[in-house]
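Next up, run-v3.txt (compact mmCIF, C-alpha atoms):
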# COMPACT_ATOMS: atom_id res chain seq x y z
CA MET G 798 103.70 35.92 37.67
CA GLN G 799 100.94 34.32 39.79
CA SER G 800 103.04 34.55 42.94
CA TRP G 801 103.73 38.24 42.19
CA ILE G 802 99.95 38.99 42.00
CA ARG G 803 99.21 36.92 45.14
CA SER G 804 101.92 38.62 47.13
CA GLY G 805 100.36 42.01 46.57
CA GLY G 806 103.13 43.19 44.30
CA ILE G 807 100.53 44.50 41.86
CA CYS G 808 99.54 47.20 44.38
CA SER G 809 103.05 48.10 45.37
CA SER G 810 103.07 50.57 42.52
CA GLY G 811 100.77 53.44 43.58
CA THR G 812 100.67 54.85 40.04
CA PHE G 813 99.51 51.55 38.58
CA CYS G 814 96.75 51.11 41.22
CA THR G 815 95.57 54.68 40.78
CA GLY G 816 95.38 54.21 36.99
CA VAL G 817 93.41 50.97 37.35
CA ALA G 818 91.12 52.56 39.94
CA LEU G 819 90.40 55.52 37.65
CA MET G 820 89.59 53.18 34.74
CA VAL G 821 87.20 51.15 36.92
CA VAL G 822 85.51 54.28 38.23
CA THR G 823 85.16 55.66 34.71
CA LEU G 824 83.65 52.43 33.39
CA PHE G 825 81.15 52.03 36.23
CA SER G 826 80.15 55.69 36.60
CA TRP G 827 79.38 56.32 32.94
CA SER G 828 75.78 57.17 32.11
CA SER G 829 74.16 58.36 28.93
CA PRO G 830 74.12 62.12 28.45
CA LEU G 831 70.92 64.04 29.12
CA THR G 832 70.45 65.16 25.53
CA GLY G 833 67.48 67.28 24.56
CA ILE G 834 66.66 68.15 28.16
CA PRO G 835 66.92 71.86 28.94
CA ASN G 836 68.56 73.28 32.03
CA SER G 837 69.98 69.95 33.16
CA THR G 838 73.44 69.54 34.53
CA THR G 839 75.53 66.56 35.45
CA ALA G 840 78.57 66.80 37.65
CA THR G 841 80.82 63.96 38.77
CA ALA G 842 83.69 64.35 41.19
CA THR G 843 86.15 61.57 41.85
CA SER G 844 88.56 61.42 44.75
CA VAL G 845 91.30 58.80 44.52
CA ASP G 846 93.89 57.88 47.05
CA GLU G 847 95.82 54.66 47.37
CA ASN G 848 93.27 53.03 49.70
CA SER G 849 89.86 54.23 48.53
CA ILE G 850 87.88 55.58 45.63
CA THR G 851 84.92 57.89 46.18
CA VAL G 852 82.52 58.97 43.46
CA PHE G 853 79.93 61.72 44.00
CA ASN G 854 77.16 62.11 41.44
CA ASN G 855 74.96 65.19 41.47
CA ILE G 856 72.28 65.36 38.79
CA SER G 857 69.79 68.20 38.87
CA GLN G 858 66.52 67.65 37.10
CA PRO G 859 65.51 69.84 34.16
CA ARG G 860 63.22 72.76 34.90
CA TRP G 861 60.14 73.32 32.76
CA ILE G 862 56.86 75.22 32.90
CA GLU G 863 53.45 73.76 32.09
CA ILE G 864 50.53 76.08 31.32
CA ASP G 865 47.12 74.40 31.31
CA LEU G 866 44.65 76.84 29.76
CA SER G 867 41.59 74.69 30.53
CA GLU G 868 42.43 74.96 34.24
CA GLN G 869 43.96 78.45 33.99
CA ARG G 870 46.92 77.10 35.94
CA LEU G 871 50.69 77.30 35.60
CA ARG G 872 52.87 74.57 37.08
CA ALA G 873 56.65 74.76 37.39
CA TRP G 874 58.50 71.46 37.47
CA GLU G 875 61.96 70.16 38.26
CA GLY G 876 61.86 66.83 36.46
CA ASN G 877 58.66 65.26 37.77
CA LYS G 878 58.64 67.21 41.05
CA LEU G 879 56.11 70.05 41.25
CA VAL G 880 57.82 73.21 42.52
CA HIS G 881 55.20 75.95 41.93
CA SER G 882 51.51 75.91 41.05
CA TYR G 883 49.74 79.22 40.35
CA ARG G 884 46.39 80.40 39.00
CA ILE G 885 46.82 82.45 35.84
CA SER G 886 44.86 84.55 33.42
CA GLY G 887 45.51 83.39 29.89
CA GLY G 888 44.25 84.92 26.67
CA LYS G 889 40.57 85.55 26.14
CA ARG G 890 38.74 83.96 23.20
CA ALA G 891 39.42 86.87 20.82
CA THR G 892 43.15 86.98 21.74
CA PRO G 893 44.16 83.42 22.67
CA THR G 894 47.42 82.25 24.21
CA PRO G 895 49.41 80.22 21.66
CA ILE G 896 49.44 76.45 22.16
CA GLY G 897 52.65 74.43 21.81
CA ARG G 898 56.19 73.94 23.08
CA PHE G 899 58.33 77.05 23.45
CA ARG G 900 61.38 78.27 25.31
CA ILE G 901 61.85 81.41 27.36
CA ASN G 902 63.86 83.56 24.98
CA SER G 903 64.25 86.76 27.02
CA LYS G 904 63.59 88.08 30.52
CA TYR G 905 62.97 91.65 31.70
CA ARG G 906 62.56 92.77 35.30
CA ILE G 907 60.32 95.60 34.07
CA ASN G 908 58.99 96.03 30.55
CA ARG G 909 56.51 98.23 28.70
CA MET G 910 53.94 96.19 26.76
CA ARG G 911 52.01 97.69 23.86
CA GLY G 912 49.61 96.17 21.44
CA ARG G 913 46.24 96.63 19.84
CA GLY G 914 43.99 97.98 22.56
CA TYR G 915 46.56 98.19 25.37
CA ASP G 916 49.64 100.11 26.49
CA ILE G 917 50.88 99.05 29.93
CA PRO G 918 54.02 100.56 31.45
CA ASP G 919 56.22 98.84 34.04
CA VAL G 920 55.02 95.26 33.50
CA PRO G 921 56.94 93.29 36.13
CA TYR G 922 58.87 90.03 35.74
CA THR G 923 58.33 89.52 32.02
CA MET G 924 59.54 86.32 30.35
CA TYR G 925 58.91 86.14 26.60
CA PHE G 926 58.38 82.65 25.22
CA TYR G 927 56.95 83.22 21.71
CA ARG G 928 57.02 86.43 19.64
CA GLY G 929 55.25 89.06 21.79
CA TYR G 930 53.74 86.50 24.17
CA ALA G 931 55.08 86.37 27.71
CA ILE G 932 54.55 85.12 31.24
CA HIS G 933 54.47 88.18 33.49
CA GLY G 934 53.09 89.83 36.58
CA ALA G 935 49.83 91.77 36.31
CA TYR G 936 49.20 94.59 38.78
CA TRP G 937 46.17 95.97 36.88
CA HIS G 938 43.70 93.17 37.60
CA ASN G 939 42.91 90.48 40.15
CA ARG G 940 40.87 88.07 38.00
CA PHE G 941 43.33 85.18 38.03
CA GLY G 942 41.68 81.92 37.05
CA THR G 943 39.78 83.70 34.25
CA PRO G 944 41.05 84.29 30.68
CA VAL G 945 41.28 88.09 30.39
CA SER G 946 44.64 88.80 28.72
CA HIS G 947 45.57 89.64 25.14
CA GLY G 948 47.36 86.28 24.88
CA CYS G 949 50.02 86.58 27.56
CA VAL G 950 50.02 84.52 30.73
CA ASN G 951 49.26 86.83 33.67
CA LEU G 952 50.28 86.03 37.25
CA PRO G 953 49.97 87.94 40.52
CA VAL G 954 53.13 90.03 40.90
CA LYS G 955 54.58 88.11 43.86
CA GLN G 956 54.12 84.77 42.08
CA ALA G 957 55.55 86.20 38.85
CA ARG G 958 58.64 87.27 40.83
CA ASN G 959 59.08 83.76 42.26
CA LEU G 960 58.80 82.20 38.80
CA TYR G 961 61.09 84.83 37.24
CA ASN G 962 63.80 84.08 39.80
CA TRP G 963 63.35 80.30 39.37
CA ALA G 964 63.32 80.10 35.55
CA SER G 965 66.12 80.96 33.19
CA THR G 966 66.41 81.80 29.52
CA GLY G 967 65.94 78.54 27.62
CA THR G 968 63.48 77.02 30.09
CA LEU G 969 60.89 74.90 28.28
CA VAL G 970 57.32 76.25 28.31
CA VAL G 971 54.54 73.82 27.36
CA VAL G 972 51.16 75.45 26.71
CA ARG G 973 48.09 73.26 26.25
CA LYS G 974 44.31 73.55 26.23

Would you put the structure from the file into structure tokens?
Amino acid sequence: MQSWIRSGGICSSGTFCTGVALMVVTLFSWSSPLTGIPNSTTATATSVDENSITVFNNISQPRWIEIDLSEQRLRAWEGNKLVHSYRISGGKRATPTPIGRFRINSKYRINRMRGRGYDIPDVPYTMYFYRGYAIHGAYWHNRFGTPVSHGCVNLPVKQARNLYNWASTGTLVVVRK
């Protein structure tokens, strides 16, 4: 038996070597799943031939949005990498933006928004994250950096478009004071 292993007979069977190689790759490439992290994907591709094993790992970081009402600033993140940072207009004192952790539950390229004291047609790039509260473009004012909304998070239209195209339904939205 020892002479058979030393002579290389163990690798004379391509099927056996391929099976062993796949088991080794599987054991050493395993990582814990990214549970509880939204919009994250893990892909592993393995190429096996009789002489080499190649493993390619591609892990994209989860996307999430941070809204800091004290700074009137929205930051979009991929993991811990800042992707976008925009001045916003959050809710004024009488109609505050809700605080907490939410998820984008629907997106509309154009939407009519109605509520007590307002009726605005053609609101661009609307992403609802909690009840009637949304992140959206605002063409009717230019006071970004100041709380002037009825609770939504207003952005300049061009920036709202960038964020709308970047985020997807299910993206985490963290709103804090």

| field | Residues within 12 Å of Val954 of chain G, all atoms listed in the file, excluding chain neighbours under 4 positions, as an MDAnalysis selection string | value | chainID G and resid 883:885 906:907 919:923 932:939 941 950 958:961

| task | Place a sphere of radius 6 Å on (57.6, 74.7, 23.9) in the file coordinates and name every protein, DNA or RNA residue with an atom inside or on its surface, counting all atoms listed in the file; give the answer as an NGL selection string. | result | :G and (897-900 or 969-971)

Produce a file of the selected residues containing C-alpha atoms, as a short mmCIF file (atom, residue, chain, number, x, y, z; two decimals), in the frame of the given file.
data_model
loop_
_atom_site.label_atom_id
_atom_site.label_comp_id
_atom_site.auth_asym_id
_atom_site.auth_seq_id
_atom_site.Cartn_x
_atom_site.Cartn_y
_atom_site.Cartn_z
CA GLY G 897 52.65 74.43 21.81
CA ARG G 898 56.19 73.94 23.08
CA PHE G 899 58.33 77.05 23.45
CA ARG G 900 61.38 78.27 25.31
CA LEU G 969 60.89 74.90 28.28
CA VAL G 970 57.32 76.25 28.31
CA VAL G 971 54.54 73.82 27.36
#

| field | Distance criterion (all atoms listed in the file): nearest to Arg870 of chain G out of G:Val945, G:Met924, G:Trp963, G:Asn951 | value |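 Under the stated criterion, the closest residue is G:Asn951.
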
With a distance cut-off of 10 Å and only C-alpha atoms, select the neighbouring residues of Ser965 of chain G, excluding the residue or stretch itself and same-chain residues fewer than 5 positions from it, and output the selection as a PDB file with C-alpha atoms, in the coordinates of the input.
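As a result, out-v1.pdb now contains:
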ATOM      1  CA  ASN G 836      68.560  73.280  32.030  1.00  0.00           C
ATOM      2  CA  ARG G 860      63.220  72.760  34.900  1.00  0.00           C
ATOM      3  CA  TRP G 861      60.140  73.320  32.760  1.00  0.00           C
ATOM      4  CA  ARG G 900      61.380  78.270  25.310  1.00  0.00           C
ATOM      5  CA  ILE G 901      61.850  81.410  27.360  1.00  0.00           C
ATOM      6  CA  ASN G 902      63.860  83.560  24.980  1.00  0.00           C
ATOM      7  CA  SER G 903      64.250  86.760  27.020  1.00  0.00           C
ATOM      8  CA  LYS G 904      63.590  88.080  30.520  1.00  0.00           C
ATOM      9  CA  MET G 924      59.540  86.320  30.350  1.00  0.00           C
ATOM     10  CA  LEU G 960      58.800  82.200  38.800  1.00  0.00           C
TER      11      LEU G 960
END

| field | Pick from G:Thr894, G:Asn962, G:Ser867, G:Asn877, whichever lies nearest to Ala931 of chain G using all atoms listed in the file | value |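 The answer is G:Thr894, which sits nearest to Ala931 of chain G.
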
| With only C-alpha atoms as the atoms that count, which of G:Pro953, G:Gly942, G:Lys878, G:Arg928 lies nearest to Pro895 of chain G? |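 Of G:Pro953, G:Gly942, G:Lys878, G:Arg928, the one nearest Pro895 of chain G, counting only C-alpha atoms, is G:Arg928.
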
| query | Between G:Arg940, G:Thr892, G:Cys949, G:Phe926, which has the minimum distance to Gly967 of chain G (counting only C-alpha atoms)? | reply |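 With only C-alpha atoms as the atom set, the closest residue is G:Phe926.
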
| query | Closest to Arg973 of chain G among G:Pro918, G:Ile896, G:Arg872, G:Lys889, using all atoms listed in the file? | reply | G:Ile896

| atom CA of Ala891 of chain G to atom CA of Lys955 of chain G, straight-line distance in Å |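 Computing it gives 27.6 Å between the two atoms.
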
| field | Atom-to-atom span, atom CA of Arg911 of chain G and atom CA of Tyr930 of chain G, Å | value |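 Computing the Euclidean distance for atom CA of Arg911 of chain G and atom CA of Tyr930 of chain G yields 11.3 Å.
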
| task | Have a look at atom CA of Arg890 of chain G and atom CA of Ile917 of chain G and let me know their distance in Å, one decimal. | result |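 These two atoms are separated by 20.5 Å.
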
| field | Using all atoms listed in the file: which of G:Ala873, G:Met910, G:Leu879, G:Val972 has the shortest distance to Ala957 of chain G | value | G:Ala873
